[in-house]
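**Student:** My questions all concern the structure below.
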Amino acid sequence: MSGKTETPEAANASTGEPPNDANGTVADAYRGNWVDRLAPAWTRPYLRLSRADRPIGTWLLLLPCYWSIALAASSTGGFIWWDLWLAVGASIGAFLMRGAGCTWNDITDRDIDAGVARTRSRPIPSGQVSTKQALAWAVIQSLISFAILLTFNTPAIILGIVSLGPVAIYPFAKRFTWWPQIFLGIAFNWGALLLWVAHTGSLSWPPVVLYFAGMAWTLFYDTIYAHQDKEDDALIGVKSTARLFGDDSAKWLGGFLMTSVALMTIAVMGALLPGAPPLRLAISLLAPWAMGWHMLWQMRQLDIDEPDTCLKLFRANRDTGLIAALFLAVGAIV
């Protein structure tokens, strides 16, 4: 051995292949993320299956949970101590269920991922783990998450079990519909329903409207994300809203923006009126307004033919959802 070392980027510069070094670095992960730097070597393929090196998905799954806890608290007079556990449990559960869902997605998409430049470095197509090992890892994550769910009330437990249906179906959606992002939205915003029920004990129409607001937001950010892969997707026959909308994507994104803002506004008003203190209502209504401005900023930056820009803006949606969560939480406190 010569002792010479290369970065993943340098090693693949001449071939154009995505980074995939001896440690199994995944192409679309942050360079120098904690999994690559700190995790024991034997755990890295499993953490990469769970996307622990790419935390944005956990945020996008978790933030509708935070919205719902805060709005439910506002509707019942403010936060209670139980809400602290709901937030902690939702955070751990989001990490685990996002990990289980991504692992399942990689199992079902292993042949597709092998044919796409951005995804062929993932653990299964790159040979870091077997399909059986990945399936066992998905089951382990799901069981731990289920143990957390059992600490919630019975209606929330039932909703949590039902959510497994959309999670199981989503990876196949891109094979039979041009709108797989709808199926992602169904799965990723389930927390808006579940955490409302966990706080209040029953389901009502405001969290359902909040759920659909989250679905419109998912269509917004995941269409941006899908533009990264549209050329590879066209070659292998994978469907997406990015391919469906094409050069008209900006018009559709604007529609999703307005739908998300309008529905969240209706959800807030439905949860708080009549009877909410005016200051609480005003601050809570700033949530959809501020979220909408951040989405508009993304649209102004967007170049659908520039994959790096699409990835950067997709990741920016963590802040989009956090802005809404912050205003809703402050509204519940005042």
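Chain labels A, B, ... are given in the sequence in which chains occur in the structure tokens; within each chain residues are numbered consecutively from 1, and ligands are likewise numbered from 1 in the order shown.
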Run DSSP on the backbone and give me the residues of range 156-227 of chain A it puts in alpha helix (DSSP H), as an MDAnalysis selection string.

**Tutor:** chainID A and resid 156:162 164:176 180:188 191:200 205:226

**Student:** Kindly export the residues of the current selection with C-alpha atoms, as a JSON list (two decimals), in the first residue's frame.

**Tutor:**
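Once everything was written out, this is out26.json:
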[["chain", "number", "residue", "atom", "x", "y", "z"],
["A", 156, "ALA", "CA", -53.51, 7.67, 19.41],
["A", 157, "ILE", "CA", -52.21, 4.09, 19.49],
["A", 158, "ILE", "CA", -54.87, 3.06, 16.97],
["A", 159, "LEU", "CA", -53.94, 5.96, 14.70],
["A", 160, "GLY", "CA", -50.28, 5.02, 14.97],
["A", 161, "ILE", "CA", -50.97, 1.45, 13.88],
["A", 162, "VAL", "CA", -53.09, 2.64, 10.94],
["A", 164, "LEU", "CA", -48.22, 1.76, 8.86],
["A", 165, "GLY", "CA", -50.42, 1.34, 5.79],
["A", 166, "PRO", "CA", -49.30, 4.55, 4.03],
["A", 167, "VAL", "CA", -45.70, 3.89, 5.07],
["A", 168, "ALA", "CA", -45.79, 0.46, 3.44],
["A", 169, "ILE", "CA", -47.44, 1.71, 0.24],
["A", 170, "TYR", "CA", -45.38, 4.84, -0.42],
["A", 171, "PRO", "CA", -42.25, 3.19, -1.93],
["A", 172, "PHE", "CA", -44.41, 1.60, -4.64],
["A", 173, "ALA", "CA", -46.32, 4.77, -5.54],
["A", 174, "LYS", "CA", -43.72, 6.02, -8.01],
["A", 175, "ARG", "CA", -44.37, 2.89, -10.05],
["A", 176, "PHE", "CA", -48.09, 3.46, -10.64],
["A", 180, "PRO", "CA", -46.15, 9.70, -5.45],
["A", 181, "GLN", "CA", -45.65, 12.88, -3.41],
["A", 182, "ILE", "CA", -49.28, 12.60, -2.31],
["A", 183, "PHE", "CA", -48.54, 9.24, -0.72],
["A", 184, "LEU", "CA", -45.47, 10.73, 0.97],
["A", 185, "GLY", "CA", -47.67, 13.54, 2.28],
["A", 186, "ILE", "CA", -50.20, 11.06, 3.66],
["A", 187, "ALA", "CA", -47.44, 9.30, 5.61],
["A", 188, "PHE", "CA", -45.28, 12.26, 6.63],
["A", 191, "GLY", "CA", -48.41, 13.19, 13.23],
["A", 192, "ALA", "CA", -50.75, 16.17, 12.84],
["A", 193, "LEU", "CA", -53.62, 13.78, 13.53],
["A", 194, "LEU", "CA", -51.91, 11.49, 16.02],
["A", 195, "LEU", "CA", -50.51, 14.16, 18.35],
["A", 196, "TRP", "CA", -53.79, 16.09, 18.44],
["A", 197, "VAL", "CA", -55.51, 12.92, 19.58],
["A", 198, "ALA", "CA", -52.70, 12.19, 22.04],
["A", 199, "HIS", "CA", -53.30, 15.60, 23.65],
["A", 200, "THR", "CA", -57.09, 15.90, 23.46],
["A", 205, "TRP", "CA", -61.87, 18.84, 12.05],
["A", 206, "PRO", "CA", -59.09, 21.45, 12.74],
["A", 207, "PRO", "CA", -56.30, 18.83, 12.89],
["A", 208, "VAL", "CA", -57.66, 17.24, 9.72],
["A", 209, "VAL", "CA", -57.35, 20.59, 7.95],
["A", 210, "LEU", "CA", -53.86, 21.00, 9.46],
["A", 211, "TYR", "CA", -53.04, 17.55, 8.08],
["A", 212, "PHE", "CA", -54.01, 18.63, 4.57],
["A", 213, "ALA", "CA", -52.00, 21.83, 4.97],
["A", 214, "GLY", "CA", -48.99, 19.63, 5.69],
["A", 215, "MET", "CA", -49.76, 17.51, 2.64],
["A", 216, "ALA", "CA", -49.71, 20.61, 0.41],
["A", 217, "TRP", "CA", -46.36, 21.56, 1.98],
["A", 218, "THR", "CA", -45.04, 18.06, 1.26],
["A", 219, "LEU", "CA", -46.05, 18.38, -2.38],
["A", 220, "PHE", "CA", -44.13, 21.66, -2.42],
["A", 221, "TYR", "CA", -40.83, 20.47, -0.96],
["A", 222, "ASP", "CA", -40.79, 16.98, -2.43],
["A", 223, "THR", "CA", -41.44, 18.27, -5.94],
["A", 224, "ILE", "CA", -38.35, 20.43, -5.50],
["A", 225, "TYR", "CA", -36.45, 17.39, -4.25],
["A", 226, "ALA", "CA", -37.61, 15.21, -7.16]]

**Student:** List the spatial neighbours of range 289-306 of chain A as a PDB file with all heavy atoms, in the first residue's frame - criterion: any atom at most 7 Å away, only C-alpha atoms, same-chain residues fewer than 6 positions off excluded.

**Tutor:**
ATOM      1  N   HIS A 227     -36.792  17.064  -8.532  1.00  0.00           N
ATOM      2  CA  HIS A 227     -36.138  17.623  -9.721  1.00  0.00           C
ATOM      3  C   HIS A 227     -34.668  17.222  -9.806  1.00  0.00           C
ATOM      4  O   HIS A 227     -34.078  17.281 -10.883  1.00  0.00           O
ATOM      5  CB  HIS A 227     -36.279  19.142  -9.740  1.00  0.00           C
ATOM      6  CG  HIS A 227     -37.526  19.613 -10.430  1.00  0.00           C
ATOM      7  ND1 HIS A 227     -37.689  19.541 -11.805  1.00  0.00           N
ATOM      8  CD2 HIS A 227     -38.683  20.138  -9.932  1.00  0.00           C
ATOM      9  CE1 HIS A 227     -38.881  20.020 -12.127  1.00  0.00           C
ATOM     10  NE2 HIS A 227     -39.511  20.375 -11.017  1.00  0.00           N
ATOM     11  N   LEU A 257     -48.101  26.325  -2.278  1.00  0.00           N
ATOM     12  CA  LEU A 257     -47.799  27.332  -1.256  1.00  0.00           C
ATOM     13  C   LEU A 257     -49.097  27.957  -0.745  1.00  0.00           C
ATOM     14  O   LEU A 257     -49.345  27.995   0.470  1.00  0.00           O
ATOM     15  CB  LEU A 257     -46.878  28.397  -1.858  1.00  0.00           C
ATOM     16  CG  LEU A 257     -46.309  29.503  -0.955  1.00  0.00           C
ATOM     17  CD1 LEU A 257     -45.127  30.175  -1.652  1.00  0.00           C
ATOM     18  CD2 LEU A 257     -47.343  30.574  -0.603  1.00  0.00           C
ATOM     19  N   VAL A 261     -50.805  27.551   3.092  1.00  0.00           N
ATOM     20  CA  VAL A 261     -51.038  28.716   3.949  1.00  0.00           C
ATOM     21  C   VAL A 261     -52.523  28.864   4.272  1.00  0.00           C
ATOM     22  O   VAL A 261     -52.912  29.094   5.427  1.00  0.00           O
ATOM     23  CB  VAL A 261     -50.496  29.994   3.274  1.00  0.00           C
ATOM     24  CG1 VAL A 261     -50.946  31.241   4.032  1.00  0.00           C
ATOM     25  CG2 VAL A 261     -48.974  29.942   3.201  1.00  0.00           C
ATOM     26  N   LEU A 313     -32.559  23.853  -1.252  1.00  0.00           N
ATOM     27  CA  LEU A 313     -33.878  24.384  -0.929  1.00  0.00           C
ATOM     28  C   LEU A 313     -34.753  23.341  -0.259  1.00  0.00           C
ATOM     29  O   LEU A 313     -35.535  23.658   0.651  1.00  0.00           O
ATOM     30  CB  LEU A 313     -34.549  24.911  -2.201  1.00  0.00           C
ATOM     31  CG  LEU A 313     -33.875  26.141  -2.819  1.00  0.00           C
ATOM     32  CD1 LEU A 313     -34.566  26.526  -4.113  1.00  0.00           C
ATOM     33  CD2 LEU A 313     -33.877  27.316  -1.844  1.00  0.00           C
ATOM     34  N   THR A 320     -38.632  26.196   7.303  1.00  0.00           N
ATOM     35  CA  THR A 320     -40.012  26.535   6.966  1.00  0.00           C
ATOM     36  C   THR A 320     -40.970  26.002   8.029  1.00  0.00           C
ATOM     37  O   THR A 320     -41.828  26.731   8.548  1.00  0.00           O
ATOM     38  CB  THR A 320     -40.392  25.945   5.600  1.00  0.00           C
ATOM     39  OG1 THR A 320     -39.417  26.292   4.627  1.00  0.00           O
ATOM     40  CG2 THR A 320     -41.756  26.434   5.154  1.00  0.00           C
ATOM     41  N   GLY A 321     -40.828  24.721   8.351  1.00  0.00           N
ATOM     42  CA  GLY A 321     -41.710  24.116   9.338  1.00  0.00           C
ATOM     43  C   GLY A 321     -41.443  24.590  10.752  1.00  0.00           C
ATOM     44  O   GLY A 321     -42.373  24.717  11.558  1.00  0.00           O
ATOM     45  N   ILE A 323     -40.451  27.573  11.629  1.00  0.00           N
ATOM     46  CA  ILE A 323     -41.042  28.906  11.777  1.00  0.00           C
ATOM     47  C   ILE A 323     -42.494  28.785  12.208  1.00  0.00           C
ATOM     48  O   ILE A 323     -42.948  29.453  13.153  1.00  0.00           O
ATOM     49  CB  ILE A 323     -40.916  29.684  10.456  1.00  0.00           C
ATOM     50  CG1 ILE A 323     -39.459  30.084  10.201  1.00  0.00           C
ATOM     51  CG2 ILE A 323     -41.808  30.928  10.471  1.00  0.00           C
ATOM     52  CD1 ILE A 323     -39.209  30.605   8.803  1.00  0.00           C
ATOM     53  N   ALA A 324     -43.249  27.921  11.527  1.00  0.00           N
ATOM     54  CA  ALA A 324     -44.649  27.719  11.902  1.00  0.00           C
ATOM     55  C   ALA A 324     -44.772  27.161  13.308  1.00  0.00           C
ATOM     56  O   ALA A 324     -45.621  27.598  14.102  1.00  0.00           O
ATOM     57  CB  ALA A 324     -45.323  26.795  10.896  1.00  0.00           C
TER      58      ALA A 324
END

**Student:** Considering only C-alpha atoms, return as a PyMOL selection string whatever protein or nucleic-acid residues lie within 7 Å of range 276-288 of chain A, sequence-local ones (same chain, fewer than 5 positions apart) excluded.

**Tutor:** chain A and resi 261+264-265+268+323-324+327-328+331-332+334

**Student:** So the first atom is CA of Val129 in chain A and the second is CA of Pro45 in chain A; what is the distance between them in Å, to one decimal place?

**Tutor:**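 Computed distance, CA of Val129 in chain A to CA of Pro45 in chain A, equals 6.7 Å.
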